[in-house]
>>> print(open('protein_8.cif').read())   # mmCIF, C-alpha atoms
data_data
#
loop_
_atom_site.group_PDB
_atom_site.id
_atom_site.type_symbol
_atom_site.label_atom_id
_atom_site.label_comp_id
_atom_site.auth_asym_id
_atom_site.auth_seq_id
_atom_site.Cartn_x
_atom_site.Cartn_y
_atom_site.Cartn_z
ATOM 1 C CA MET X 4 40.756 51.885 -53.874
ATOM 2 C CA THR X 5 42.681 50.764 -50.951
ATOM 3 C CA ALA X 6 42.418 47.246 -49.519
ATOM 4 C CA SER X 7 40.400 46.773 -46.379
ATOM 5 C CA GLN X 8 42.353 45.919 -43.259
ATOM 6 C CA ASP X 9 39.463 43.826 -41.850
ATOM 7 C CA PRO X 10 40.113 40.073 -41.785
ATOM 8 C CA PRO X 11 37.841 37.884 -43.888
ATOM 9 C CA PRO X 12 34.781 36.407 -42.143
ATOM 10 C CA GLY X 13 35.602 33.410 -39.942
ATOM 11 C CA ASP X 14 39.235 34.463 -39.664
ATOM 12 C CA ASP X 15 40.001 35.501 -36.126
ATOM 13 C CA GLU X 16 43.073 35.371 -33.955
ATOM 14 C CA HIS X 17 42.424 31.769 -32.816
ATOM 15 C CA THR X 18 42.243 30.281 -36.310
ATOM 16 C CA ARG X 19 45.193 32.330 -37.559
ATOM 17 C CA GLU X 20 47.354 30.875 -34.796
ATOM 18 C CA GLY X 21 46.194 27.345 -35.603
ATOM 19 C CA ARG X 22 44.109 26.976 -32.449
ATOM 20 C CA ARG X 23 40.405 26.456 -32.316
ATOM 21 C CA PRO X 24 38.260 27.939 -29.575
ATOM 22 C CA GLN X 25 37.440 25.469 -26.816
ATOM 23 C CA PRO X 26 33.814 24.528 -26.110
ATOM 24 C CA PRO X 27 32.322 25.800 -22.861
ATOM 25 C CA PRO X 28 33.090 23.607 -19.831
ATOM 26 C CA TYR X 29 29.648 22.030 -19.516
ATOM 27 C CA GLY X 30 29.286 18.404 -18.551
ATOM 28 C CA ARG X 31 27.832 15.890 -20.923
ATOM 29 C CA PRO X 32 24.075 15.566 -20.621
ATOM 30 C CA PRO X 33 22.991 12.370 -18.867
ATOM 31 C CA GLN X 34 22.309 9.598 -21.300
ATOM 32 C CA GLN X 35 18.758 8.385 -21.270
ATOM 33 C CA ARG X 36 17.980 4.972 -22.556
ATOM 34 C CA GLN X 37 15.476 5.155 -25.389
ATOM 35 C CA GLY X 38 14.935 1.407 -25.830
ATOM 36 C CA THR X 39 13.032 -1.164 -23.867
ATOM 37 C CA GLN X 40 13.600 -1.612 -20.176
ATOM 38 C CA ILE X 41 14.459 -5.280 -20.403
ATOM 39 C CA LEU X 42 16.304 -5.593 -17.085
ATOM 40 C CA SER X 43 13.486 -3.900 -15.204
ATOM 41 C CA ILE X 44 10.885 -6.116 -16.845
ATOM 42 C CA ILE X 45 12.808 -9.269 -15.954
ATOM 43 C CA GLY X 46 13.175 -7.873 -12.411
ATOM 44 C CA PHE X 47 9.384 -7.490 -12.123
ATOM 45 C CA VAL X 48 8.868 -11.037 -13.441
ATOM 46 C CA SER X 49 11.356 -12.348 -10.894
ATOM 47 C CA ALA X 50 9.482 -10.455 -8.194
ATOM 48 C CA ALA X 51 6.203 -12.098 -9.180
ATOM 49 C CA VAL X 52 7.776 -15.565 -9.266
ATOM 50 C CA ALA X 53 9.364 -14.952 -5.840
ATOM 51 C CA ILE X 54 5.940 -14.928 -4.204
ATOM 52 C CA LEU X 55 5.364 -18.633 -4.883
ATOM 53 C CA PHE X 56 8.687 -20.262 -5.836
ATOM 54 C CA ILE X 57 12.037 -20.014 -4.022
ATOM 55 C CA PRO X 58 11.590 -16.443 -2.771
ATOM 56 C CA ILE X 59 15.180 -15.964 -1.638
ATOM 57 C CA LEU X 60 16.566 -16.840 -5.089
ATOM 58 C CA PHE X 61 14.063 -15.039 -7.307
ATOM 59 C CA GLY X 62 13.757 -12.092 -4.913
ATOM 60 C CA LEU X 63 17.494 -11.482 -4.876
ATOM 61 C CA ALA X 64 17.644 -11.890 -8.660
ATOM 62 C CA GLY X 65 14.896 -9.285 -9.050
ATOM 63 C CA ILE X 66 16.678 -6.886 -6.708
ATOM 64 C CA VAL X 67 19.963 -7.237 -8.590
ATOM 65 C CA LEU X 68 18.280 -6.839 -11.985
ATOM 66 C CA GLY X 69 16.405 -3.763 -10.779
ATOM 67 C CA ILE X 70 19.553 -2.122 -9.426
ATOM 68 C CA VAL X 71 21.542 -2.876 -12.575
ATOM 69 C CA GLY X 72 18.678 -1.547 -14.708
ATOM 70 C CA HIS X 73 18.537 1.612 -12.619
ATOM 71 C CA THR X 74 22.266 2.228 -12.987
ATOM 72 C CA ARG X 75 21.918 1.787 -16.760
ATOM 73 C CA GLY X 76 19.293 4.514 -16.889
ATOM 74 C CA GLU X 77 16.062 2.528 -16.827
ATOM 75 C CA PRO X 78 13.437 4.557 -14.930
ATOM 76 C CA LEU X 79 11.613 1.450 -13.655
ATOM 77 C CA GLY X 80 14.757 -0.207 -12.299
ATOM 78 C CA LYS X 81 14.384 1.259 -8.835
ATOM 79 C CA TRP X 82 10.758 0.135 -8.641
ATOM 80 C CA ALA X 83 11.622 -3.358 -9.841
ATOM 81 C CA ALA X 84 14.167 -3.692 -7.030
ATOM 82 C CA ILE X 85 11.650 -2.455 -4.439
ATOM 83 C CA ALA X 86 8.939 -4.778 -5.757
ATOM 84 C CA ALA X 87 11.319 -7.738 -5.728
ATOM 85 C CA ALA X 88 12.297 -7.045 -2.123
ATOM 86 C CA ALA X 89 8.646 -6.785 -1.058
ATOM 87 C CA CYS X 90 7.661 -9.937 -2.969
ATOM 88 C CA MET X 91 10.597 -11.805 -1.471
ATOM 89 C CA VAL X 92 9.395 -10.975 2.033
ATOM 90 C CA VAL X 93 5.795 -11.919 1.166
ATOM 91 C CA GLY X 94 6.975 -15.192 -0.389
ATOM 92 C CA MET X 95 9.007 -16.068 2.677
ATOM 93 C CA VAL X 96 6.063 -15.346 4.971
ATOM 94 C CA LEU X 97 3.730 -17.432 2.785
ATOM 95 C CA GLY X 98 6.266 -20.253 2.753
ATOM 96 C CA ALA X 99 6.574 -20.170 6.537
ATOM 97 C CA LEU X 100 2.782 -20.196 6.917
ATOM 98 C CA ALA X 101 2.435 -23.099 4.471
ATOM 99 C CA THR X 102 5.149 -25.085 6.258
ATOM 100 C CA ARG X 103 3.485 -24.439 9.592
ATOM 101 C CA ALA X 104 0.051 -25.451 8.296
ATOM 102 C CA LEU X 105 1.353 -28.634 6.697
ATOM 103 C CA GLY X 106 3.488 -29.538 9.692
ATOM 104 C CA SER X 107 0.639 -29.509 12.215
#
>>> encode(input="protein_8.cif", output="structure tokens")
Amino acid sequence: MTASQDPPPGDDEHTREGRRPQPPPYGRPPQQRQGTQILSIIGFVSAAVAILFIPILFGLAGIVLGIVGHTRGEPLGKWAAIAAAACMVVGMVLGALATRALGS
């Protein structure tokens, strides 16, 4: 009836010395936004408005909103910025054609 020399479960050299084992050196997983993509949606709306009304203002707003949405983890942010840039160009061309037609 001698006492066992084995330490109790959960008692190892790290916890006896007052230290806890460190977690493995993995990076944090990228955070994915689980909510709505509000900035991307507003960017797409700005892109649509840029076709007919003040394309330089609404196009740039859509580009900025798309980029900010993309950096915040919204998957559609990149596409909102691309759509806003394309709609800005189309709006400027339509505006130039309308000015030319009305001026003649």
>>> residues_around(input="protein_8.cif", residues="stretch 57-60 of chain X", least_positions_apart="6", cutoff="7 Å", atoms="all atoms listed in the file", output="list in words")
Met91, Gly94 and Met95 of chain X
>>> write_last_selection(input="protein_8.cif", atoms="C-alpha atoms", output="CSV table (one decimal), keeping the file's coordinate frame")
chain,number,residue,atom,x,y,z
X,91,MET,CA,10.6,-11.8,-1.5
X,94,GLY,CA,7.0,-15.2,-0.4
X,95,MET,CA,9.0,-16.1,2.7
>>> residues_near_point(input="protein_8.cif", point="(16.0, 1.4, -18.9)", cutoff="6 Å", atoms="all atoms listed in the file", output="CSV table (one decimal) with C-alpha atoms, in the frame of the given file")
chain,number,residue,atom,x,y,z
X,36,ARG,CA,18.0,5.0,-22.6
X,40,GLN,CA,13.6,-1.6,-20.2
X,72,GLY,CA,18.7,-1.5,-14.7
X,76,GLY,CA,19.3,4.5,-16.9
X,77,GLU,CA,16.1,2.5,-16.8
X,78,PRO,CA,13.4,4.6,-14.9
>>> resolve_selection(input="protein_8.cif", expression="the PyMOL selection byres ((chain X and resi 64) around 12)", output="number ranges by chain")
X: 42-43, 45-53, 57-63, 65-71, 83-88, 90-91
>>> atom_distance(input="protein_8.cif", atom1="atom CA of X:Val96", atom2="atom CA of X:Ile41")
28.6 Å
>>> atom_distance(input="protein_8.cif", atom1="atom CA of X:His73", atom2="atom CA of X:Thr39")
12.8 Å
>>> atom_distance(input="protein_8.cif", atom1="atom CA of X:Gly106", atom2="atom CA of X:Ala89")
25.7 Å
>>> decode(input="protein_8.cif", residues="stretch 55-76 of chain X", atoms="N, CA, C and O atoms", output="CSV table (one decimal), in the first residue's frame")
chain,number,residue,atom,x,y,z
X,55,LEU,N,-27.9,58.6,-64.7
X,55,LEU,CA,-28.7,59.7,-65.1
X,55,LEU,C,-28.5,61.0,-64.4
X,55,LEU,O,-28.8,62.1,-64.9
X,56,PHE,N,-28.0,61.0,-63.2
X,56,PHE,CA,-27.9,62.2,-62.4
X,56,PHE,C,-26.5,62.4,-61.8
X,56,PHE,O,-26.0,61.5,-61.1
X,57,ILE,N,-25.8,63.5,-62.2
X,57,ILE,CA,-24.5,63.9,-61.6
X,57,ILE,C,-23.6,62.7,-61.5
X,57,ILE,O,-23.2,62.2,-60.4
X,58,PRO,N,-23.2,62.1,-62.7
X,58,PRO,CA,-22.4,60.9,-62.6
X,58,PRO,C,-21.0,61.0,-61.9
X,58,PRO,O,-20.7,60.0,-61.2
X,59,ILE,N,-20.4,62.1,-61.9
X,59,ILE,CA,-19.1,62.2,-61.2
X,59,ILE,C,-19.3,62.1,-59.7
X,59,ILE,O,-18.5,61.5,-59.0
X,60,LEU,N,-20.4,62.7,-59.2
X,60,LEU,CA,-20.6,62.7,-57.7
X,60,LEU,C,-21.1,61.3,-57.3
X,60,LEU,O,-20.5,60.7,-56.4
X,61,PHE,N,-22.2,60.8,-57.9
X,61,PHE,CA,-22.7,59.5,-57.5
X,61,PHE,C,-21.8,58.3,-57.9
X,61,PHE,O,-21.7,57.3,-57.2
X,62,GLY,N,-21.0,58.5,-59.0
X,62,GLY,CA,-20.1,57.4,-59.3
X,62,GLY,C,-19.0,57.3,-58.3
X,62,GLY,O,-18.6,56.2,-57.9
X,63,LEU,N,-18.4,58.5,-57.9
X,63,LEU,CA,-17.3,58.4,-57.0
X,63,LEU,C,-17.8,58.0,-55.6
X,63,LEU,O,-17.1,57.2,-54.9
X,64,ALA,N,-19.0,58.3,-55.2
X,64,ALA,CA,-19.6,57.9,-54.0
X,64,ALA,C,-19.8,56.4,-54.0
X,64,ALA,O,-19.5,55.7,-53.0
X,65,GLY,N,-20.2,55.8,-55.1
X,65,GLY,CA,-20.4,54.4,-55.2
X,65,GLY,C,-19.1,53.6,-55.2
X,65,GLY,O,-18.9,52.6,-54.5
X,66,ILE,N,-18.0,54.2,-55.8
X,66,ILE,CA,-16.7,53.6,-55.7
X,66,ILE,C,-16.2,53.6,-54.3
X,66,ILE,O,-15.7,52.6,-53.8
X,67,VAL,N,-16.3,54.7,-53.6
X,67,VAL,CA,-15.8,54.8,-52.2
X,67,VAL,C,-16.6,53.8,-51.3
X,67,VAL,O,-16.0,53.1,-50.5
X,68,LEU,N,-17.9,53.8,-51.5
X,68,LEU,CA,-18.7,52.9,-50.6
X,68,LEU,C,-18.4,51.4,-50.9
X,68,LEU,O,-18.3,50.6,-50.0
X,69,GLY,N,-18.1,51.1,-52.2
X,69,GLY,CA,-17.8,49.7,-52.5
X,69,GLY,C,-16.4,49.3,-52.0
X,69,GLY,O,-16.2,48.2,-51.4
X,70,ILE,N,-15.4,50.2,-52.0
X,70,ILE,CA,-14.1,49.9,-51.5
X,70,ILE,C,-14.2,49.8,-50.0
X,70,ILE,O,-13.6,48.9,-49.4
X,71,VAL,N,-14.9,50.7,-49.3
X,71,VAL,CA,-15.0,50.6,-47.8
X,71,VAL,C,-15.7,49.3,-47.5
X,71,VAL,O,-15.3,48.6,-46.5
X,72,GLY,N,-16.8,49.0,-48.2
X,72,GLY,CA,-17.5,47.7,-47.9
X,72,GLY,C,-16.6,46.5,-48.1
X,72,GLY,O,-16.6,45.5,-47.3
X,73,HIS,N,-15.8,46.5,-49.2
X,73,HIS,CA,-14.8,45.4,-49.4
X,73,HIS,C,-13.8,45.3,-48.3
X,73,HIS,O,-13.5,44.2,-47.9
X,74,THR,N,-13.3,46.4,-47.8
X,74,THR,CA,-12.3,46.3,-46.7
X,74,THR,C,-12.9,45.9,-45.4
X,74,THR,O,-12.2,45.3,-44.5
X,75,ARG,N,-14.2,46.1,-45.3
X,75,ARG,CA,-14.9,45.6,-44.1
X,75,ARG,C,-15.4,44.2,-44.2
X,75,ARG,O,-16.1,43.6,-43.3
X,76,GLY,N,-15.1,43.5,-45.3
X,76,GLY,CA,-15.4,42.1,-45.4
X,76,GLY,C,-16.7,41.8,-46.2
X,76,GLY,O,-17.2,40.7,-46.2
